[in-house]
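Working notes, structure below.
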Amino acid sequence: MSQKLLSFVLFTTICGVVSANGQEIPPAAEQPTSTQVTASAESFAFKMNECKKVGDRVICEVLITNNADERMMSIRGKRWGREDEGTRLIDDLGNVYNDAKGQFGAKELPYDEVKLVTDVPVKLILYFDGVSKEVSRIRLLELDCYTDEGDKAFTAKLRDIPLKLPPVGSAQKSSDSATPNSITTREFTFEALGCRRALTEVICLFRITNERTSSRTLTLRPRCYDQKARLIDQSGNEYLGTAGTLGTKKALPGFECAAIQTLDARARVDGSVTFIGVARDTVTVKLLRLLFGSSDESQGFYIDFKDIPITSK
């Protein structure tokens, strides 16, 4: 190896890449981590803990600190009749999501006020549904805020947020045999998407795919008379479903206790079942039993999911 070539190799190894005109090309800057994404507005500090993707849901955690005297604050969700206002998320594909739900301190969104003591951070948890599977980064999380100090509305903007994705290969694939979180039966595929908690309420999420080449109707019964969804936790405690959703349909306590949804050929829909009064130390759903009915048969059938971790909203 010539002396000139050796010197060049040593120089580029120590200093980085050199361009043709002899100028050094600096290495690419490291991407910021979630905790490096911050914002400030009206003497409030906003620090991103993380944004993660679970199925088609994005869940973001933000710490909010009041740097002024004690005061009240609220985070506002979608504004009635105003599509362009309210807390919103914009992904790296340009899609806008403005139907934010979640929890601020111990209060449910969208409008409950939280008292913020000076210099004490309080956690805000937001989630947005229907996020495209191709999304890998959040370009903007815009918080629609209000404080009682001066009766003032304002926004806080957190930009360019890394999106924490599930490990490659972690999603379970459907098959003709039953696995704890993906079950194919009656030419439907049922997938558990996880359970999330807000105080003593737990909502379990699932996805259903119609594997046929023709449309048909599916019914969810979270609590219809003696037909009830069941959740059994790691301690053996049992809780019964109270309400649920299937696609665009809702099942509520009382007369409208069933959600009936038509699935087109090869179509899929998301659903949920709500359980209330769940012990705060419950961390795992050992058994989630859901009751369905199909237009193909007169009798209902159960789907059992097992060992589902419970996450906070």
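Chain labels A, B, ... are given in the sequence in which chains occur in the structure tokens; within each chain residues are numbered consecutively from 1, and ligands are likewise numbered from 1 in the order shown.
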Mind checking which residues fall within 6 Å of region 299-312 of chain A, counting only C-alpha atoms, ignoring those fewer than 2 positions away in the same chain, and posting them as a PyMOL selection string?
-> chain A and resi 180-181+195-197+283-293+297
Can you spit out the residues from that selection as a PDB file, in the first residue's frame, using N, CA and C atoms?
ATOM      1  N   PRO A 180     -52.948 -18.240  21.260  1.00  0.00           N
ATOM      2  CA  PRO A 180     -53.552 -17.367  22.263  1.00  0.00           C
ATOM      3  C   PRO A 180     -54.102 -16.065  21.709  1.00  0.00           C
ATOM      4  N   ASN A 181     -53.470 -15.453  20.703  1.00  0.00           N
ATOM      5  CA  ASN A 181     -53.869 -14.134  20.249  1.00  0.00           C
ATOM      6  C   ASN A 181     -54.306 -14.065  18.799  1.00  0.00           C
ATOM      7  N   CYS A 195     -55.020  -4.949  25.740  1.00  0.00           N
ATOM      8  CA  CYS A 195     -55.965  -4.344  26.673  1.00  0.00           C
ATOM      9  C   CYS A 195     -55.302  -3.131  27.303  1.00  0.00           C
ATOM     10  N   ARG A 196     -56.055  -2.078  27.504  1.00  0.00           N
ATOM     11  CA  ARG A 196     -55.509  -0.853  28.085  1.00  0.00           C
ATOM     12  C   ARG A 196     -56.393  -0.408  29.247  1.00  0.00           C
ATOM     13  N   ARG A 197     -55.754   0.270  30.177  1.00  0.00           N
ATOM     14  CA  ARG A 197     -56.429   0.654  31.416  1.00  0.00           C
ATOM     15  C   ARG A 197     -56.502   2.176  31.541  1.00  0.00           C
ATOM     16  N   VAL A 283     -52.588  -6.754  36.038  1.00  0.00           N
ATOM     17  CA  VAL A 283     -51.610  -6.441  34.990  1.00  0.00           C
ATOM     18  C   VAL A 283     -51.721  -7.374  33.790  1.00  0.00           C
ATOM     19  N   THR A 284     -52.410  -8.511  33.963  1.00  0.00           N
ATOM     20  CA  THR A 284     -52.510  -9.487  32.878  1.00  0.00           C
ATOM     21  C   THR A 284     -53.921 -10.055  32.802  1.00  0.00           C
ATOM     22  N   VAL A 285     -54.433 -10.179  31.592  1.00  0.00           N
ATOM     23  CA  VAL A 285     -55.697 -10.875  31.356  1.00  0.00           C
ATOM     24  C   VAL A 285     -55.354 -12.323  31.050  1.00  0.00           C
ATOM     25  N   LYS A 286     -55.667 -13.199  31.986  1.00  0.00           N
ATOM     26  CA  LYS A 286     -55.385 -14.623  31.753  1.00  0.00           C
ATOM     27  C   LYS A 286     -56.373 -15.218  30.757  1.00  0.00           C
ATOM     28  N   LEU A 287     -57.613 -14.737  30.797  1.00  0.00           N
ATOM     29  CA  LEU A 287     -58.622 -15.209  29.850  1.00  0.00           C
ATOM     30  C   LEU A 287     -59.536 -14.062  29.474  1.00  0.00           C
ATOM     31  N   LEU A 288     -59.686 -13.828  28.176  1.00  0.00           N
ATOM     32  CA  LEU A 288     -60.680 -12.896  27.640  1.00  0.00           C
ATOM     33  C   LEU A 288     -61.624 -13.699  26.774  1.00  0.00           C
ATOM     34  N   ARG A 289     -62.862 -13.835  27.215  1.00  0.00           N
ATOM     35  CA  ARG A 289     -63.853 -14.619  26.477  1.00  0.00           C
ATOM     36  C   ARG A 289     -64.891 -13.678  25.888  1.00  0.00           C
ATOM     37  N   LEU A 290     -65.024 -13.698  24.557  1.00  0.00           N
ATOM     38  CA  LEU A 290     -65.956 -12.841  23.846  1.00  0.00           C
ATOM     39  C   LEU A 290     -67.009 -13.688  23.137  1.00  0.00           C
ATOM     40  N   LEU A 291     -68.242 -13.205  23.142  1.00  0.00           N
ATOM     41  CA  LEU A 291     -69.362 -13.933  22.539  1.00  0.00           C
ATOM     42  C   LEU A 291     -69.764 -13.263  21.235  1.00  0.00           C
ATOM     43  N   PHE A 292     -69.820 -14.072  20.173  1.00  0.00           N
ATOM     44  CA  PHE A 292     -70.196 -13.571  18.856  1.00  0.00           C
ATOM     45  C   PHE A 292     -71.352 -14.385  18.296  1.00  0.00           C
ATOM     46  N   GLY A 293     -71.991 -13.815  17.299  1.00  0.00           N
ATOM     47  CA  GLY A 293     -72.983 -14.519  16.512  1.00  0.00           C
ATOM     48  C   GLY A 293     -72.734 -14.231  15.050  1.00  0.00           C
ATOM     49  N   GLU A 297     -75.264 -18.991  11.297  1.00  0.00           N
ATOM     50  CA  GLU A 297     -75.748 -19.975  12.261  1.00  0.00           C
ATOM     51  C   GLU A 297     -76.598 -19.311  13.321  1.00  0.00           C
TER      52      GLU A 297
END
Backbone-only DSSP, strand (DSSP E or B) members of region 106-307 of chain A, as a ChimeraX atom specification | /A:107-108,114-116,118,122-128,137-147,152-164,179,182-185,188-198,201-210,216-220,223-224,227-228,230-233,238-246,249-251,259-263,268-275,284-294,301-307
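Picture a line from CA of Glu42 (chain A) to CA of Ser74 (chain A); it runs 13.2 Å.
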Check the smallest atom-to-atom distance from each of A:Val278, A:Val202, A:Cys51, A:Ile208 to Thr185 (chain A) using only C-alpha atoms, then report the winner.
-> A:Ile208
What's the 10 Å shell around region 141-143 of chain A, counting only C-alpha atoms, without same-chain residues fewer than 5 positions away, as a PyMOL selection string?
-> chain A and resi 46+48+60+74-77+85-91+96-98+100+126+154-161
CA of Glu187 (chain A) to CA of Leu218 (chain A), straight-line distance in Å =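 Pair CA of Leu218 (chain A) / CA of Glu187 (chain A) returns 11.7 Å.
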Kindly indicate which residue among A:Leu165, A:Ala279, A:Ala198, A:Leu205 lies nearest to Lys53 (chain A), using only C-alpha atoms for the distances.
->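 Under the stated criterion, the closest residue is A:Leu165.
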Write out as a PyMOL selection string which residues come within 12 Å of Ser132 (chain A) when counting only C-alpha atoms, dropping same-chain ones fewer than 4 positions away.
-> chain A and resi 53-58+90-97+128+136-138
If you measure from CA of Leu124 (chain A) to CA of Ala243 (chain A), what distance in Å do you get, rounded to one decimal?
-> 25.2 Å
Who sits within 6 Å of Ala45 (chain A), only C-alpha atoms, same chain under 5 positions skipped, as a PyMOL selection string | chain A and resi 40+64-65
Residues from the last selection, N, CA and C atoms, saved as a PDB file, in the first residue's frame:
ATOM      1  N   SER A  40     -42.548  24.462  24.673  1.00  0.00           N
ATOM      2  CA  SER A  40     -42.974  25.298  25.789  1.00  0.00           C
ATOM      3  C   SER A  40     -43.995  26.310  25.284  1.00  0.00           C
ATOM      4  N   ILE A  64     -46.038  17.181  31.376  1.00  0.00           N
ATOM      5  CA  ILE A  64     -46.336  18.609  31.341  1.00  0.00           C
ATOM      6  C   ILE A  64     -46.003  19.204  32.707  1.00  0.00           C
ATOM      7  N   THR A  65     -45.190  20.247  32.706  1.00  0.00           N
ATOM      8  CA  THR A  65     -44.764  20.897  33.948  1.00  0.00           C
ATOM      9  C   THR A  65     -45.189  22.362  33.926  1.00  0.00           C
TER      10      THR A  65
END
Pick out the residues sitting within 12 Å of Gly241 (chain A), and hand them over as a PDB file with N, CA and C atoms, in the first residue's frame; count only C-alpha atoms, and ignore anything fewer than 4 positions along from it in its own chain.
ATOM      1  N   GLU A 201     -61.076   1.097  34.729  1.00  0.00           N
ATOM      2  CA  GLU A 201     -61.712   0.656  33.481  1.00  0.00           C
ATOM      3  C   GLU A 201     -60.664   0.016  32.579  1.00  0.00           C
ATOM      4  N   VAL A 202     -60.985  -1.155  32.033  1.00  0.00           N
ATOM      5  CA  VAL A 202     -60.100  -1.833  31.096  1.00  0.00           C
ATOM      6  C   VAL A 202     -60.862  -2.051  29.790  1.00  0.00           C
ATOM      7  N   ILE A 203     -60.240  -1.648  28.683  1.00  0.00           N
ATOM      8  CA  ILE A 203     -60.825  -1.848  27.359  1.00  0.00           C
ATOM      9  C   ILE A 203     -59.922  -2.798  26.584  1.00  0.00           C
ATOM     10  N   CYS A 204     -60.493  -3.902  26.135  1.00  0.00           N
ATOM     11  CA  CYS A 204     -59.743  -4.892  25.355  1.00  0.00           C
ATOM     12  C   CYS A 204     -60.103  -4.741  23.879  1.00  0.00           C
ATOM     13  N   LEU A 220     -71.574  -8.877  17.985  1.00  0.00           N
ATOM     14  CA  LEU A 220     -70.838  -8.904  19.256  1.00  0.00           C
ATOM     15  C   LEU A 220     -71.829  -8.668  20.385  1.00  0.00           C
ATOM     16  N   ARG A 221     -71.767  -9.524  21.408  1.00  0.00           N
ATOM     17  CA  ARG A 221     -72.655  -9.387  22.561  1.00  0.00           C
ATOM     18  C   ARG A 221     -71.812  -9.272  23.838  1.00  0.00           C
ATOM     19  N   PRO A 222     -71.401  -8.071  24.217  1.00  0.00           N
ATOM     20  CA  PRO A 222     -70.594  -7.935  25.428  1.00  0.00           C
ATOM     21  C   PRO A 222     -71.393  -8.171  26.707  1.00  0.00           C
ATOM     22  N   ARG A 223     -72.694  -7.830  26.671  1.00  0.00           N
ATOM     23  CA  ARG A 223     -73.540  -8.080  27.847  1.00  0.00           C
ATOM     24  C   ARG A 223     -74.998  -8.036  27.428  1.00  0.00           C
ATOM     25  N   CYS A 224     -75.518  -9.180  27.024  1.00  0.00           N
ATOM     26  CA  CYS A 224     -76.907  -9.310  26.607  1.00  0.00           C
ATOM     27  C   CYS A 224     -77.565 -10.374  27.464  1.00  0.00           C
ATOM     28  N   TYR A 225     -78.301  -9.913  28.478  1.00  0.00           N
ATOM     29  CA  TYR A 225     -79.003 -10.828  29.368  1.00  0.00           C
ATOM     30  C   TYR A 225     -78.016 -11.814  29.990  1.00  0.00           C
ATOM     31  N   ASP A 226     -78.121 -13.093  29.714  1.00  0.00           N
ATOM     32  CA  ASP A 226     -77.187 -14.055  30.318  1.00  0.00           C
ATOM     33  C   ASP A 226     -75.964 -14.299  29.445  1.00  0.00           C
ATOM     34  N   GLN A 227     -75.831 -13.586  28.348  1.00  0.00           N
ATOM     35  CA  GLN A 227     -74.676 -13.724  27.460  1.00  0.00           C
ATOM     36  C   GLN A 227     -73.727 -12.562  27.725  1.00  0.00           C
ATOM     37  N   LYS A 228     -72.555 -12.852  28.290  1.00  0.00           N
ATOM     38  CA  LYS A 228     -71.658 -11.797  28.747  1.00  0.00           C
ATOM     39  C   LYS A 228     -70.214 -12.107  28.380  1.00  0.00           C
ATOM     40  N   ALA A 229     -69.480 -11.063  28.005  1.00  0.00           N
ATOM     41  CA  ALA A 229     -68.034 -11.190  27.853  1.00  0.00           C
ATOM     42  C   ALA A 229     -67.423 -11.326  29.247  1.00  0.00           C
ATOM     43  N   ARG A 230     -66.315 -12.059  29.338  1.00  0.00           N
ATOM     44  CA  ARG A 230     -65.666 -12.304  30.631  1.00  0.00           C
ATOM     45  C   ARG A 230     -64.179 -11.968  30.550  1.00  0.00           C
ATOM     46  N   LEU A 231     -63.694 -11.396  31.621  1.00  0.00           N
ATOM     47  CA  LEU A 231     -62.261 -11.146  31.784  1.00  0.00           C
ATOM     48  C   LEU A 231     -61.834 -11.758  33.108  1.00  0.00           C
ATOM     49  N   ILE A 232     -60.826 -12.613  33.071  1.00  0.00           N
ATOM     50  CA  ILE A 232     -60.272 -13.202  34.290  1.00  0.00           C
ATOM     51  C   ILE A 232     -58.808 -12.782  34.379  1.00  0.00           C
ATOM     52  N   THR A 245     -67.788  -2.269  21.032  1.00  0.00           N
ATOM     53  CA  THR A 245     -67.932  -1.742  19.679  1.00  0.00           C
ATOM     54  C   THR A 245     -67.508  -2.814  18.691  1.00  0.00           C
ATOM     55  N   ALA A 251     -72.446  -1.497  21.144  1.00  0.00           N
ATOM     56  CA  ALA A 251     -73.293  -2.312  22.010  1.00  0.00           C
ATOM     57  C   ALA A 251     -73.302  -1.663  23.385  1.00  0.00           C
ATOM     58  N   LEU A 252     -74.491  -1.317  23.871  1.00  0.00           N
ATOM     59  CA  LEU A 252     -74.632  -0.600  25.135  1.00  0.00           C
ATOM     60  C   LEU A 252     -75.461  -1.417  26.111  1.00  0.00           C
ATOM     61  N   PRO A 253     -75.322  -1.146  27.406  1.00  0.00           N
ATOM     62  CA  PRO A 253     -76.153  -1.862  28.377  1.00  0.00           C
ATOM     63  C   PRO A 253     -77.638  -1.605  28.110  1.00  0.00           C
ATOM     64  N   CYS A 257     -77.997  -3.996  23.308  1.00  0.00           N
ATOM     65  CA  CYS A 257     -76.860  -4.688  23.913  1.00  0.00           C
ATOM     66  C   CYS A 257     -76.000  -5.435  22.908  1.00  0.00           C
ATOM     67  N   ALA A 258     -76.361  -5.430  21.620  1.00  0.00           N
ATOM     68  CA  ALA A 258     -75.600  -6.150  20.607  1.00  0.00           C
ATOM     69  C   ALA A 258     -75.137  -5.185  19.519  1.00  0.00           C
ATOM     70  N   SER A 272     -64.021  -3.601  20.335  1.00  0.00           N
ATOM     71  CA  SER A 272     -63.554  -3.472  21.709  1.00  0.00           C
ATOM     72  C   SER A 272     -64.647  -3.921  22.671  1.00  0.00           C
ATOM     73  N   VAL A 273     -64.228  -4.320  23.861  1.00  0.00           N
ATOM     74  CA  VAL A 273     -65.155  -4.622  24.956  1.00  0.00           C
ATOM     75  C   VAL A 273     -64.624  -3.933  26.208  1.00  0.00           C
ATOM     76  N   THR A 274     -65.530  -3.297  26.946  1.00  0.00           N
ATOM     77  CA  THR A 274     -65.161  -2.537  28.140  1.00  0.00           C
ATOM     78  C   THR A 274     -65.548  -3.292  29.404  1.00  0.00           C
ATOM     79  N   PHE A 275     -64.630  -3.288  30.370  1.00  0.00           N
ATOM     80  CA  PHE A 275     -64.854  -3.862  31.687  1.00  0.00           C
ATOM     81  C   PHE A 275     -64.590  -2.777  32.725  1.00  0.00           C
ATOM     82  N   ILE A 276     -65.454  -2.675  33.740  1.00  0.00           N
ATOM     83  CA  ILE A 276     -65.269  -1.651  34.757  1.00  0.00           C
ATOM     84  C   ILE A 276     -65.085  -2.303  36.126  1.00  0.00           C
ATOM     85  N   GLY A 277     -64.529  -1.524  37.047  1.00  0.00           N
ATOM     86  CA  GLY A 277     -64.299  -2.022  38.399  1.00  0.00           C
ATOM     87  C   GLY A 277     -63.143  -2.990  38.506  1.00  0.00           C
ATOM     88  N   VAL A 278     -62.210  -2.940  37.542  1.00  0.00           N
ATOM     89  CA  VAL A 278     -61.084  -3.871  37.540  1.00  0.00           C
ATOM     90  C   VAL A 278     -60.050  -3.423  38.573  1.00  0.00           C
ATOM     91  N   LEU A 288     -59.686 -13.828  28.176  1.00  0.00           N
ATOM     92  CA  LEU A 288     -60.680 -12.896  27.640  1.00  0.00           C
ATOM     93  C   LEU A 288     -61.624 -13.699  26.774  1.00  0.00           C
ATOM     94  N   ARG A 289     -62.862 -13.835  27.215  1.00  0.00           N
ATOM     95  CA  ARG A 289     -63.853 -14.619  26.477  1.00  0.00           C
ATOM     96  C   ARG A 289     -64.891 -13.678  25.888  1.00  0.00           C
ATOM     97  N   LEU A 290     -65.024 -13.698  24.557  1.00  0.00           N
ATOM     98  CA  LEU A 290     -65.956 -12.841  23.846  1.00  0.00           C
ATOM     99  C   LEU A 290     -67.009 -13.688  23.137  1.00  0.00           C
ATOM    100  N   LEU A 291     -68.242 -13.205  23.142  1.00  0.00           N
ATOM    101  CA  LEU A 291     -69.362 -13.933  22.539  1.00  0.00           C
ATOM    102  C   LEU A 291     -69.764 -13.263  21.235  1.00  0.00           C
TER     103      LEU A 291
END
